[in-house]
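Colleague: Below is the file structure_32.cif, with mmCIF, C-alpha atoms.
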```cif
data_final
#
loop_
_atom_site.label_atom_id
_atom_site.label_comp_id
_atom_site.auth_asym_id
_atom_site.auth_seq_id
_atom_site.Cartn_x
_atom_site.Cartn_y
_atom_site.Cartn_z
CA MET A 1 0.00 0.00 0.00
CA ASP A 2 1.32 3.43 -0.95
CA THR A 3 1.59 6.11 1.68
CA GLY A 4 1.24 8.81 -0.93
CA GLU A 5 0.45 9.35 -4.58
CA SER A 6 3.79 9.56 -6.37
CA THR A 7 4.35 9.25 -10.08
CA PRO A 8 7.25 9.82 -12.48
CA ALA A 9 7.71 13.36 -13.74
CA LEU A 10 7.35 12.26 -17.36
CA GLU A 11 3.97 10.70 -16.61
CA VAL A 12 2.76 13.89 -14.92
CA LYS A 13 3.67 15.91 -18.01
CA ARG A 14 1.49 13.67 -20.13
CA MET A 15 -1.54 14.27 -17.95
CA PRO A 16 -4.31 16.47 -19.40
CA ALA A 17 -3.86 19.91 -17.91
CA PRO A 18 -7.37 21.24 -17.16
CA PHE A 19 -8.15 19.48 -13.90
CA ARG A 20 -4.75 20.05 -12.32
CA PRO A 21 -4.87 23.80 -11.50
CA PHE A 22 -8.57 23.78 -10.67
CA PHE A 23 -8.43 20.83 -8.27
CA LEU A 24 -5.49 22.53 -6.54
CA ILE A 25 -7.44 25.79 -6.29
CA ALA A 26 -10.51 23.92 -5.02
CA GLY A 27 -8.51 22.15 -2.31
CA LEU A 28 -6.98 25.42 -1.11
CA ASP A 29 -10.38 27.14 -1.19
CA ALA A 30 -11.85 24.35 0.92
CA ILE A 31 -9.13 24.73 3.54
CA VAL A 32 -9.18 28.54 3.64
CA GLY A 33 -12.99 28.69 3.60
CA ALA A 34 -13.17 26.60 6.78
CA ALA A 35 -9.94 27.51 8.57
CA VAL A 36 -10.58 31.28 8.52
CA TRP A 37 -14.14 30.76 9.75
CA LEU A 38 -13.31 28.27 12.53
CA PRO A 39 -12.26 30.78 15.25
CA SER A 40 -15.70 32.39 15.07
CA VAL A 41 -17.24 29.12 16.25
CA PHE A 42 -15.60 29.77 19.63
CA GLY A 43 -16.44 33.48 19.66
CA ILE A 44 -13.13 34.72 18.24
CA ARG A 45 -13.79 37.28 15.51
CA ALA A 46 -10.82 37.99 13.27
CA ALA A 47 -10.56 41.35 11.55
CA ASP A 48 -11.72 41.33 7.94
CA SER A 49 -12.04 43.79 5.08
CA THR A 50 -15.18 42.38 3.47
CA GLY A 51 -17.74 43.54 6.03
CA ILE A 52 -19.69 40.27 6.21
CA SER A 53 -20.15 37.74 8.97
CA PRO A 54 -17.69 34.83 9.20
CA GLY A 55 -20.53 32.38 8.59
CA ASP A 56 -21.63 34.10 5.39
CA TRP A 57 -18.04 34.39 4.24
CA HIS A 58 -17.45 30.69 4.92
CA ARG A 59 -20.63 29.71 3.07
CA ASP A 60 -19.94 31.83 0.01
CA VAL A 61 -16.30 30.76 -0.35
CA LEU A 62 -17.29 27.10 -0.40
CA LEU A 63 -20.42 27.42 -2.54
CA PHE A 64 -19.35 30.04 -5.07
CA GLU A 65 -15.56 29.60 -5.15
CA MET A 66 -14.64 26.01 -4.28
CA ILE A 67 -17.47 24.22 -6.09
CA PRO A 68 -17.04 26.07 -9.43
CA ALA A 69 -13.33 25.20 -9.36
CA ILE A 70 -14.15 21.50 -8.92
CA LEU A 71 -16.78 21.63 -11.67
CA THR A 72 -14.40 23.37 -14.05
CA GLY A 73 -11.59 20.90 -13.53
CA PHE A 74 -13.95 17.97 -13.96
CA LEU A 75 -15.93 19.25 -16.95
CA LEU A 76 -12.98 20.60 -18.94
CA THR A 77 -11.37 17.17 -18.61
CA ALA A 78 -14.48 15.03 -19.13
CA LEU A 79 -16.31 16.96 -21.88
CA PRO A 80 -13.90 16.09 -24.72
CA ARG A 81 -14.55 12.39 -24.05
CA TRP A 82 -18.29 12.88 -23.55
CA THR A 83 -18.74 14.91 -26.73
CA GLY A 84 -15.95 13.67 -28.97
CA ARG A 85 -14.69 17.24 -29.45
CA ARG A 86 -11.12 18.49 -29.10
CA GLU A 87 -9.61 19.26 -25.71
CA VAL A 88 -9.71 22.77 -24.27
CA SER A 89 -6.65 24.76 -25.32
CA PRO A 90 -3.96 25.60 -22.73
CA LEU A 91 -4.67 29.30 -23.34
CA THR A 92 -8.34 28.85 -22.43
CA THR A 93 -7.34 27.00 -19.27
CA ARG A 94 -4.88 29.73 -18.29
CA LEU A 95 -7.47 32.46 -18.87
CA LEU A 96 -10.01 30.62 -16.72
CA VAL A 97 -7.41 30.14 -13.98
CA ALA A 98 -6.62 33.87 -14.09
CA LEU A 99 -10.32 34.77 -13.88
CA SER A 100 -10.81 32.37 -10.98
CA LEU A 101 -7.85 33.75 -9.05
CA ALA A 102 -8.89 37.35 -9.73
CA GLY A 103 -12.37 36.65 -8.40
CA GLN A 104 -11.02 34.93 -5.31
CA ALA A 105 -8.51 37.68 -4.54
CA THR A 106 -11.27 40.27 -4.89
CA PHE A 107 -13.61 38.21 -2.71
CA LEU A 108 -10.99 37.65 0.00
CA PHE A 109 -9.37 41.06 0.23
CA LEU A 110 -11.44 43.77 -1.49
CA SER A 111 -15.17 43.38 -2.03
CA HIS A 112 -17.49 40.53 -1.22
CA SER A 113 -20.12 41.49 -3.81
CA VAL A 114 -17.62 42.19 -6.61
CA GLY A 115 -15.88 38.90 -5.85
CA LEU A 116 -19.20 37.08 -6.16
CA ALA A 117 -19.87 38.89 -9.44
CA LEU A 118 -16.52 37.73 -10.82
CA ALA A 119 -17.34 34.21 -9.60
CA ALA A 120 -20.60 34.39 -11.57
CA LEU A 121 -18.66 35.56 -14.64
CA PHE A 122 -16.33 32.59 -14.20
CA VAL A 123 -19.27 30.15 -14.12
CA LEU A 124 -20.77 31.86 -17.17
CA ALA A 125 -17.46 31.44 -19.02
CA LEU A 126 -17.47 27.74 -18.12
CA PHE A 127 -21.05 27.49 -19.39
CA VAL A 128 -20.13 29.09 -22.73
CA ILE A 129 -17.16 26.75 -23.20
CA ALA A 130 -19.20 23.67 -22.27
CA ALA A 131 -22.17 24.77 -24.38
CA GLY A 132 -19.98 25.22 -27.43
CA ARG A 133 -18.84 21.61 -27.25
CA VAL A 134 -22.20 20.11 -26.33
CA VAL A 135 -24.09 21.98 -29.07
CA ALA A 136 -21.43 21.30 -31.70
CA ALA A 137 -21.58 17.60 -30.87
CA ARG A 138 -25.41 17.63 -30.78
CA ASP A 139 -25.07 15.97 -27.41
CA ARG A 140 -28.59 16.05 -25.99
CA ARG A 141 -27.53 13.93 -23.04
CA ASN A 142 -25.56 16.80 -21.56
CA LEU A 143 -28.09 19.58 -22.13
CA LYS A 144 -29.29 19.10 -18.55
CA VAL A 145 -25.73 19.71 -17.33
CA LEU A 146 -25.73 23.03 -19.21
CA ALA A 147 -29.15 23.94 -17.80
CA LEU A 148 -28.00 23.34 -14.23
CA LEU A 149 -24.80 25.32 -14.79
CA LEU A 150 -26.91 28.24 -15.97
CA VAL A 151 -29.21 27.93 -12.94
CA PHE A 152 -26.20 27.90 -10.63
CA CYS A 153 -24.87 31.01 -12.37
CA GLY A 154 -28.25 32.69 -11.80
CA GLY A 155 -28.09 31.94 -8.08
CA ASN A 156 -24.56 33.35 -8.01
CA VAL A 157 -25.71 36.56 -9.71
CA LEU A 158 -28.58 37.02 -7.24
CA ALA A 159 -26.23 36.46 -4.31
CA ALA A 160 -23.76 38.99 -5.73
CA ALA A 161 -26.56 41.54 -6.03
CA SER A 162 -27.73 40.75 -2.47
CA TYR A 163 -31.21 40.16 -3.89
CA GLN A 164 -33.37 37.43 -2.38
CA VAL A 165 -30.24 35.92 -0.83
CA GLU A 166 -31.93 32.91 0.78
CA PHE A 167 -33.67 32.10 -2.51
CA ALA A 168 -30.34 32.52 -4.34
CA LEU A 169 -28.60 30.13 -1.96
CA ARG A 170 -31.32 27.50 -2.33
CA LEU A 171 -31.14 27.91 -6.11
CA GLY A 172 -27.37 27.50 -6.10
CA LEU A 173 -27.39 24.49 -3.78
CA ALA A 174 -30.25 22.77 -5.61
CA SER A 175 -28.47 23.11 -8.95
CA ILE A 176 -25.26 21.63 -7.52
CA ILE A 177 -27.13 18.68 -5.98
CA GLY A 178 -28.72 18.15 -9.40
CA LEU A 179 -25.27 18.09 -11.02
CA VAL A 180 -23.97 15.70 -8.36
CA MET A 181 -26.86 13.33 -9.09
CA ILE A 182 -26.18 13.46 -12.84
CA ILE A 183 -22.42 13.06 -12.59
CA GLY A 184 -22.67 10.56 -9.75
CA GLY A 185 -25.15 8.50 -11.73
CA ARG A 186 -22.50 8.10 -14.41
CA VAL A 187 -19.33 7.85 -12.37
CA VAL A 188 -20.40 5.66 -9.42
CA PRO A 189 -21.67 2.60 -11.34
CA ALA A 190 -18.96 2.92 -14.02
CA LEU A 191 -16.14 2.92 -11.49
CA THR A 192 -17.75 0.11 -9.50
CA VAL A 193 -17.74 -2.09 -12.61
CA ALA A 194 -14.23 -1.00 -13.60
CA TYR A 195 -12.81 -1.81 -10.18
CA ALA A 196 -14.52 -5.20 -10.09
CA GLU A 197 -13.01 -6.06 -13.47
CA ALA A 198 -9.57 -4.74 -12.50
CA ALA A 199 -9.70 -6.97 -9.40
CA GLY A 200 -10.41 -10.00 -11.57
CA GLY A 201 -14.12 -10.17 -10.84
CA ARG A 202 -17.22 -9.29 -12.76
CA ILE A 203 -20.37 -7.43 -11.87
CA ALA A 204 -23.41 -6.60 -13.97
CA PHE A 205 -26.07 -4.02 -13.17
CA ASN A 206 -29.71 -4.14 -14.10
CA ARG A 207 -30.27 -0.45 -14.68
CA PHE A 208 -33.82 0.32 -15.77
CA ALA A 209 -34.48 3.44 -17.82
CA LEU A 210 -37.85 3.89 -16.14
CA VAL A 211 -36.28 3.89 -12.66
CA GLU A 212 -33.60 6.35 -13.75
CA GLY A 213 -36.12 8.65 -15.40
CA VAL A 214 -38.63 8.64 -12.54
CA ALA A 215 -35.89 9.19 -9.95
CA GLY A 216 -34.56 12.15 -11.92
CA VAL A 217 -37.96 13.76 -12.44
CA VAL A 218 -39.03 13.31 -8.80
CA ALA A 219 -35.72 14.73 -7.51
CA ALA A 220 -35.95 17.70 -9.89
CA CYS A 221 -39.50 18.44 -8.76
CA ALA A 222 -38.54 18.15 -5.09
CA LEU A 223 -35.57 20.50 -5.49
CA GLY A 224 -37.62 22.97 -7.52
CA LEU A 225 -40.43 23.02 -4.96
CA TRP A 226 -37.94 23.49 -2.11
CA VAL A 227 -36.35 26.45 -3.91
CA VAL A 228 -39.63 28.31 -4.49
CA ALA A 229 -41.64 27.10 -1.47
CA PRO A 230 -39.22 25.82 1.19
CA GLN A 231 -41.86 25.35 3.90
CA ALA A 232 -44.78 24.04 1.84
CA GLN A 233 -46.15 20.63 2.80
CA LEU A 234 -46.05 19.65 -0.88
CA SER A 235 -42.31 20.31 -0.89
CA GLY A 236 -41.89 18.01 2.10
CA ALA A 237 -43.87 15.22 0.48
CA ALA A 238 -41.86 15.63 -2.74
CA CYS A 239 -38.59 15.40 -0.79
CA ALA A 240 -39.76 12.20 0.90
CA LEU A 241 -40.61 10.71 -2.50
CA ALA A 242 -37.25 11.87 -3.86
CA ALA A 243 -35.43 10.10 -1.02
CA CYS A 244 -37.30 6.86 -1.80
CA SER A 245 -36.70 7.11 -5.54
CA GLN A 246 -32.98 7.78 -5.06
CA VAL A 247 -32.70 4.73 -2.78
CA ILE A 248 -34.21 2.59 -5.54
CA ARG A 249 -31.89 4.15 -8.13
CA ALA A 250 -28.75 3.59 -6.04
CA ALA A 251 -29.84 0.03 -5.20
CA GLN A 252 -29.39 -0.83 -8.89
CA TRP A 253 -25.65 -0.26 -8.51
CA SER A 254 -25.37 -3.27 -6.19
CA ILE A 255 -22.35 -2.20 -4.18
CA TRP A 256 -22.85 -5.17 -1.82
CA ARG A 257 -22.12 -7.60 -4.67
CA SER A 258 -18.54 -6.49 -5.17
CA ARG A 259 -15.44 -5.73 -3.15
CA VAL A 260 -14.58 -2.08 -3.79
CA SER A 261 -11.68 0.31 -3.25
CA SER A 262 -11.84 3.15 -0.75
CA THR A 263 -12.47 5.65 -3.56
CA VAL A 264 -15.37 3.65 -5.00
CA LEU A 265 -16.82 3.13 -1.53
CA ALA A 266 -16.54 6.89 -0.89
CA LEU A 267 -18.49 7.55 -4.10
CA HIS A 268 -21.32 5.29 -2.91
CA ILE A 269 -21.29 6.90 0.54
CA GLY A 270 -21.29 10.37 -1.00
CA TYR A 271 -24.28 9.53 -3.15
CA GLY A 272 -26.00 8.06 -0.11
CA TRP A 273 -25.80 11.45 1.60
CA ILE A 274 -28.06 12.83 -1.15
CA VAL A 275 -30.73 10.41 0.01
CA VAL A 276 -30.15 11.40 3.64
CA GLY A 277 -30.43 15.08 2.71
CA PHE A 278 -33.78 14.59 1.01
CA GLY A 279 -35.04 12.58 3.99
CA LEU A 280 -33.92 15.14 6.57
CA LEU A 281 -35.39 17.96 4.53
CA ALA A 282 -38.73 16.13 4.36
CA ILE A 283 -38.69 15.73 8.16
CA HIS A 284 -37.88 19.40 8.67
CA ILE A 285 -40.68 20.59 6.37
CA LEU A 286 -43.33 18.17 7.58
CA LYS A 287 -42.36 18.45 11.28
CA PRO A 288 -40.36 21.67 11.62
CA ALA A 289 -40.30 21.54 15.41
CA SER A 290 -38.38 18.26 15.38
CA LEU A 291 -35.45 19.19 13.11
CA GLY A 292 -33.85 22.29 11.65
CA GLN A 293 -33.16 22.79 7.95
CA ALA A 294 -29.42 22.98 8.66
CA ALA A 295 -29.29 19.21 9.10
CA ALA A 296 -30.42 18.58 5.51
CA VAL A 297 -28.26 21.37 4.12
CA HIS A 298 -25.12 19.99 5.77
CA ALA A 299 -25.94 16.41 4.76
CA TRP A 300 -25.83 17.74 1.20
CA THR A 301 -22.97 20.22 1.45
CA ILE A 302 -20.60 18.19 3.64
CA GLY A 303 -21.76 14.64 3.09
CA ALA A 304 -22.75 14.59 -0.58
CA ILE A 305 -20.73 17.44 -2.10
CA GLY A 306 -17.67 17.11 0.15
CA THR A 307 -17.37 13.33 -0.14
CA MET A 308 -18.21 13.16 -3.85
CA ALA A 309 -15.79 16.01 -4.59
CA LEU A 310 -12.90 14.22 -2.89
CA ALA A 311 -13.73 10.87 -4.49
CA ILE A 312 -14.31 12.17 -8.02
CA MET A 313 -11.20 14.36 -7.96
CA ALA A 314 -9.13 11.45 -6.64
CA SER A 315 -10.54 9.13 -9.30
CA MET A 316 -9.87 11.56 -12.16
CA ILE A 317 -6.31 12.27 -10.99
CA ARG A 318 -5.53 8.57 -10.67
CA LYS A 319 -7.04 7.73 -14.04
CA HIS A 320 -4.95 10.31 -15.86
CA SER A 321 -1.80 9.28 -13.99
CA ARG A 322 -2.46 5.69 -15.14
CA ARG A 323 -3.00 4.46 -11.58
CA ALA A 324 -6.76 4.11 -11.65
CA PHE A 325 -7.20 2.15 -8.42
CA ALA A 326 -3.96 2.77 -6.54
CA THR A 327 -4.43 2.86 -2.78
CA SER A 328 -3.27 5.70 -0.57
CA VAL A 329 -3.34 6.08 3.20
CA PRO A 330 -3.74 9.90 3.06
CA ALA A 331 -6.54 9.69 0.48
CA THR A 332 -8.39 7.04 2.50
CA GLY A 333 -7.89 9.17 5.60
CA ALA A 334 -9.46 12.11 3.76
CA PHE A 335 -12.62 10.07 3.04
CA VAL A 336 -12.85 8.93 6.66
CA ALA A 337 -12.32 12.46 7.97
CA MET A 338 -15.05 13.80 5.68
CA THR A 339 -17.54 11.18 6.86
CA ILE A 340 -16.88 11.94 10.54
CA CYS A 341 -17.00 15.65 9.68
CA CYS A 342 -20.54 15.28 8.37
CA LEU A 343 -21.71 13.11 11.25
CA SER A 344 -20.29 15.61 13.76
CA ARG A 345 -22.14 18.49 12.12
CA LEU A 346 -25.42 16.57 12.09
CA LEU A 347 -25.02 15.81 15.81
CA VAL A 348 -25.21 19.56 16.43
CA GLU A 349 -28.93 19.38 15.61
CA LEU A 350 -29.44 16.57 18.15
CA LEU A 351 -27.12 17.90 20.86
CA PRO A 352 -27.42 21.70 20.71
CA SER A 353 -25.74 22.13 24.09
CA TYR A 354 -22.54 20.79 22.49
CA ALA A 355 -22.90 22.92 19.36
CA ALA A 356 -19.56 24.73 19.65
CA PRO A 357 -17.27 21.71 20.16
CA LEU A 358 -19.14 19.60 17.60
CA THR A 359 -19.11 22.39 15.01
CA GLY A 360 -15.44 23.03 15.73
CA LEU A 361 -14.67 19.32 15.34
CA SER A 362 -16.59 19.22 12.07
CA GLY A 363 -14.82 22.27 10.67
CA SER A 364 -11.42 20.95 11.72
CA LEU A 365 -12.06 17.59 10.07
CA TRP A 366 -13.10 19.35 6.86
CA VAL A 367 -9.70 21.09 6.84
CA VAL A 368 -7.97 17.79 7.62
CA ALA A 369 -9.83 15.99 4.81
CA PHE A 370 -8.81 18.46 2.12
CA GLY A 371 -5.33 18.78 3.59
CA LEU A 372 -4.88 15.02 3.29
CA PHE A 373 -6.25 15.12 -0.26
CA LEU A 374 -3.73 17.76 -1.31
CA TRP A 375 -0.92 15.87 0.37
CA ALA A 376 -1.90 12.57 -1.26
CA PHE A 377 -1.96 14.05 -4.77
CA ARG A 378 0.59 16.82 -4.42
CA ARG A 379 2.90 15.41 -7.08
CA MET A 380 0.09 15.20 -9.63
CA LEU A 381 -1.30 18.65 -8.87
CA ILE A 382 2.05 20.43 -8.48
CA PRO A 383 4.46 18.71 -10.91
CA ARG A 384 8.18 19.27 -10.53
CA LEU A 385 9.64 21.52 -13.23
#
```
Output the structure of this file as structure tokens.

Modeller:
Amino acid sequence: MDTGESTPALEVKRMPAPFRPFFLIAGLDAIVGAAVWLPSVFGIRAADSTGISPGDWHRDVLLFEMIPAILTGFLLTALPRWTGRREVSPLTTRLLVALSLAGQATFLFLSHSVGLALAALFVLALFVIAAGRVVAARDRRNLKVLALLLVFCGGNVLAAASYQVEFALRLGLASIIGLVMIIGGRVVPALTVAYAEAAGGRIAFNRFALVEGVAGVVAACALGLWVVAPQAQLSGAACALAACSQVIRAAQWSIWRSRVSSTVLALHIGYGWIVVGFGLLAIHILKPASLGQAAAVHAWTIGAIGTMALAIMASMIRKHSRRAFATSVPATGAFVAMTICCLSRLLVELLPSYAAPLTGLSGSLWVVAFGLFLWAFRRMLIPRL
């Protein structure tokens, strides 16, 4: 078992470039977004130049800075294979990196609203690049990815304008959960099969188009209703149905029938948090006195997005370094830390008297998880010159 993710310099140079700078940026964003906010959990308020609360700053860094970086690295690398079009040029990648860094520097040191506006411009640029390839390839399958990118950009714009902020945040989060379900629905079963075959076994899934379609429609309706009517009983019922339909969908992937690697297991766990999020949201809406909305939100943001981000980034890096299922103690530790991070945050809702230590533990484990990820893949993300 490797203790890190090393690879020859020549092999690193052959790796497709797009994901490398953006996964590095995303990992650093994840660490900064939590580490700077952590002291406020214990009542320590650091001086800042943005004029917003630490909690809002923490939320916006992770939602509108970290997540777009992950999406960009993934989509710029995956779209050429999905659409059969040429790879993104190095110049385009460099321009996007420059725009991303400019937005983040503005957000961190100058103006919160202008930084969010630049983040929205960055997402719009990604949409235009992705749309050009999808439309040119007449790839109807990925039109829904474009639609969700555009919705996410809309939420970003509203947040930047400080207009209907809660609505904007729900819109942004719902669109990202939609993207996670689409991408996860492709990556999780494909990697499960690939690992089984690489290990000398064989596994076959019975994936039914009707199940996939119904699960997607029900989840889309539930997310849409939550965005526009977050406390309506109909929204709660739709979320409960979405949880059930996603359980049935994920059950088709038959994880219990195959021995899997830590990365593949993390993908299944990450997708499972989507189900938990829908279930907790249904409980909150239908019985608001019993559970706060924060439980569902953190099941999605920490459990689903955090875990899936680590697992998908790790999988893509390994694939393009020709070590698809190599094991790594730091990477496995990152998945474990993220799982405990989510569980700790959910315990805050059940044990409010321990809110500060549990929230502090959760935030610290988030930093540890992404720190371990960057350490595990440092030689792929920062190649030696």

Colleague: Provide the atom CA of Cys239 of chain A to atom CA of Ala215 of chain A distance in Å, to one decimal place.

Modeller: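 Between atom CA of Cys239 of chain A and atom CA of Ala215 of chain A the gap works out to 11.4 Å.
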
Colleague: Name the residues in contact with segment 143-146 of chain A at a cut-off of 9 Å, using only C-alpha atoms, excluding same-chain residues fewer than 5 positions from it; report them as a ChimeraX atom specification.

Modeller: /A:127-128,130-131,134-135,151,178-179,182-183

Colleague: Excluding segment 270-273 of chain A and any residue of its chain fewer than 5 positions from it, enumerate the residues within 6 Å of it, using all atoms listed in the file, and give them as a PyMOL selection string.

Modeller: chain A and resi 299+303-304+307-308

Colleague: I'd like the contact shell of Ser364 of chain A - 8 Å cut-off, all atoms listed in the file, skipping same-chain residues fewer than 3 positions apart - returned as a VMD selection string.

Modeller: chain A and resid 34 to 35 38 341 360 to 361 367 to 368

Colleague: Of the residues A:Ile340, A:Leu116, A:Ile269, A:Ala17, which is the one nearest to Leu62 of chain A, using all atoms listed in the file?

Modeller: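 The closest residue to Leu62 of chain A is A:Leu116.
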
Colleague: Taking only C-alpha atoms into account, name the residue in A:Ala250, A:Ala30, A:Leu191, A:Leu96 that is nearest to Met316 of chain A.

Modeller: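 Among the listed residues, the smallest separation from Met316 of chain A belongs to A:Leu191.
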
Colleague: Taking 2 positions as the minimum chain separation for residues in the same chain, which residues sit within 7 Å of Arg345 of chain A when counting all atoms listed in the file? Answer as a PyMOL selection string.

Modeller: chain A and resi 341-343+347-348+358-359+362

Colleague: Ranking A:Ala78, A:Leu173, A:Val227, A:Ile248 by minimum distance to Thr301 of chain A and counting all atoms listed in the file, which one comes first?

Modeller: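 Nearest candidate to Thr301 of chain A out of A:Ala78, A:Leu173, A:Val227, A:Ile248: A:Leu173.
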
Colleague: Can you turn the PyMOL selection byres ((chain A and resi 70) around 10) into a concrete residue list for this file, as a list in words?

Modeller: Phe19, Pro21, Phe22, Phe23, Leu24, Ile25, Ala26, Gly27, Glu65, Met66, Ile67, Pro68, Ala69, Leu71, Thr72, Gly73, Phe74, Leu75, Ala309, Leu310, Ile312 and Met313 of chain A

Colleague: When distances are computed from all atoms listed in the file, which of A:Val275, A:Ala242, A:Val157, A:Ile52 shows the smallest separation from His112 of chain A?

Modeller: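 That would be A:Ile52, the residue with the smallest distance to His112 of chain A.
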
Colleague: Taking the partial coordinates given, rebuild segment 218-230 of chain A to contain N, CA and C atoms; return it as a PDB file, keeping the file's coordinate frame.

Modeller:
```pdb
ATOM      1  N   VAL A 218     -38.565  13.087 -10.176  1.00  0.00           N
ATOM      2  CA  VAL A 218     -39.030  13.310  -8.800  1.00  0.00           C
ATOM      3  C   VAL A 218     -38.047  14.198  -8.038  1.00  0.00           C
ATOM      4  N   ALA A 219     -36.732  13.917  -8.199  1.00  0.00           N
ATOM      5  CA  ALA A 219     -35.720  14.730  -7.510  1.00  0.00           C
ATOM      6  C   ALA A 219     -35.745  16.168  -8.015  1.00  0.00           C
ATOM      7  N   ALA A 220     -35.892  16.347  -9.325  1.00  0.00           N
ATOM      8  CA  ALA A 220     -35.950  17.700  -9.890  1.00  0.00           C
ATOM      9  C   ALA A 220     -37.163  18.461  -9.360  1.00  0.00           C
ATOM     10  N   CYS A 221     -38.293  17.799  -9.290  1.00  0.00           N
ATOM     11  CA  CYS A 221     -39.500  18.440  -8.760  1.00  0.00           C
ATOM     12  C   CYS A 221     -39.330  18.808  -7.290  1.00  0.00           C
ATOM     13  N   ALA A 222     -38.739  17.889  -6.514  1.00  0.00           N
ATOM     14  CA  ALA A 222     -38.540  18.150  -5.090  1.00  0.00           C
ATOM     15  C   ALA A 222     -37.610  19.342  -4.881  1.00  0.00           C
ATOM     16  N   LEU A 223     -36.501  19.387  -5.623  1.00  0.00           N
ATOM     17  CA  LEU A 223     -35.570  20.500  -5.490  1.00  0.00           C
ATOM     18  C   LEU A 223     -36.215  21.807  -5.930  1.00  0.00           C
ATOM     19  N   GLY A 224     -36.957  21.759  -7.035  1.00  0.00           N
ATOM     20  CA  GLY A 224     -37.620  22.970  -7.520  1.00  0.00           C
ATOM     21  C   GLY A 224     -38.643  23.501  -6.526  1.00  0.00           C
ATOM     22  N   LEU A 225     -39.438  22.602  -5.947  1.00  0.00           N
ATOM     23  CA  LEU A 225     -40.430  23.020  -4.960  1.00  0.00           C
ATOM     24  C   LEU A 225     -39.760  23.602  -3.717  1.00  0.00           C
ATOM     25  N   TRP A 226     -38.660  22.984  -3.283  1.00  0.00           N
ATOM     26  CA  TRP A 226     -37.940  23.490  -2.110  1.00  0.00           C
ATOM     27  C   TRP A 226     -37.400  24.891  -2.368  1.00  0.00           C
ATOM     28  N   VAL A 227     -36.906  25.137  -3.580  1.00  0.00           N
ATOM     29  CA  VAL A 227     -36.350  26.450  -3.910  1.00  0.00           C
ATOM     30  C   VAL A 227     -37.432  27.529  -3.835  1.00  0.00           C
ATOM     31  N   VAL A 228     -38.605  27.264  -4.404  1.00  0.00           N
ATOM     32  CA  VAL A 228     -39.630  28.310  -4.490  1.00  0.00           C
ATOM     33  C   VAL A 228     -40.565  28.315  -3.279  1.00  0.00           C
ATOM     34  N   ALA A 229     -40.725  27.169  -2.615  1.00  0.00           N
ATOM     35  CA  ALA A 229     -41.640  27.100  -1.470  1.00  0.00           C
ATOM     36  C   ALA A 229     -41.030  26.188  -0.402  1.00  0.00           C
ATOM     37  N   PRO A 230     -40.003  26.680   0.295  1.00  0.00           N
ATOM     38  CA  PRO A 230     -39.220  25.820   1.190  1.00  0.00           C
ATOM     39  C   PRO A 230     -39.978  25.257   2.390  1.00  0.00           C
TER      40      PRO A 230
END
```
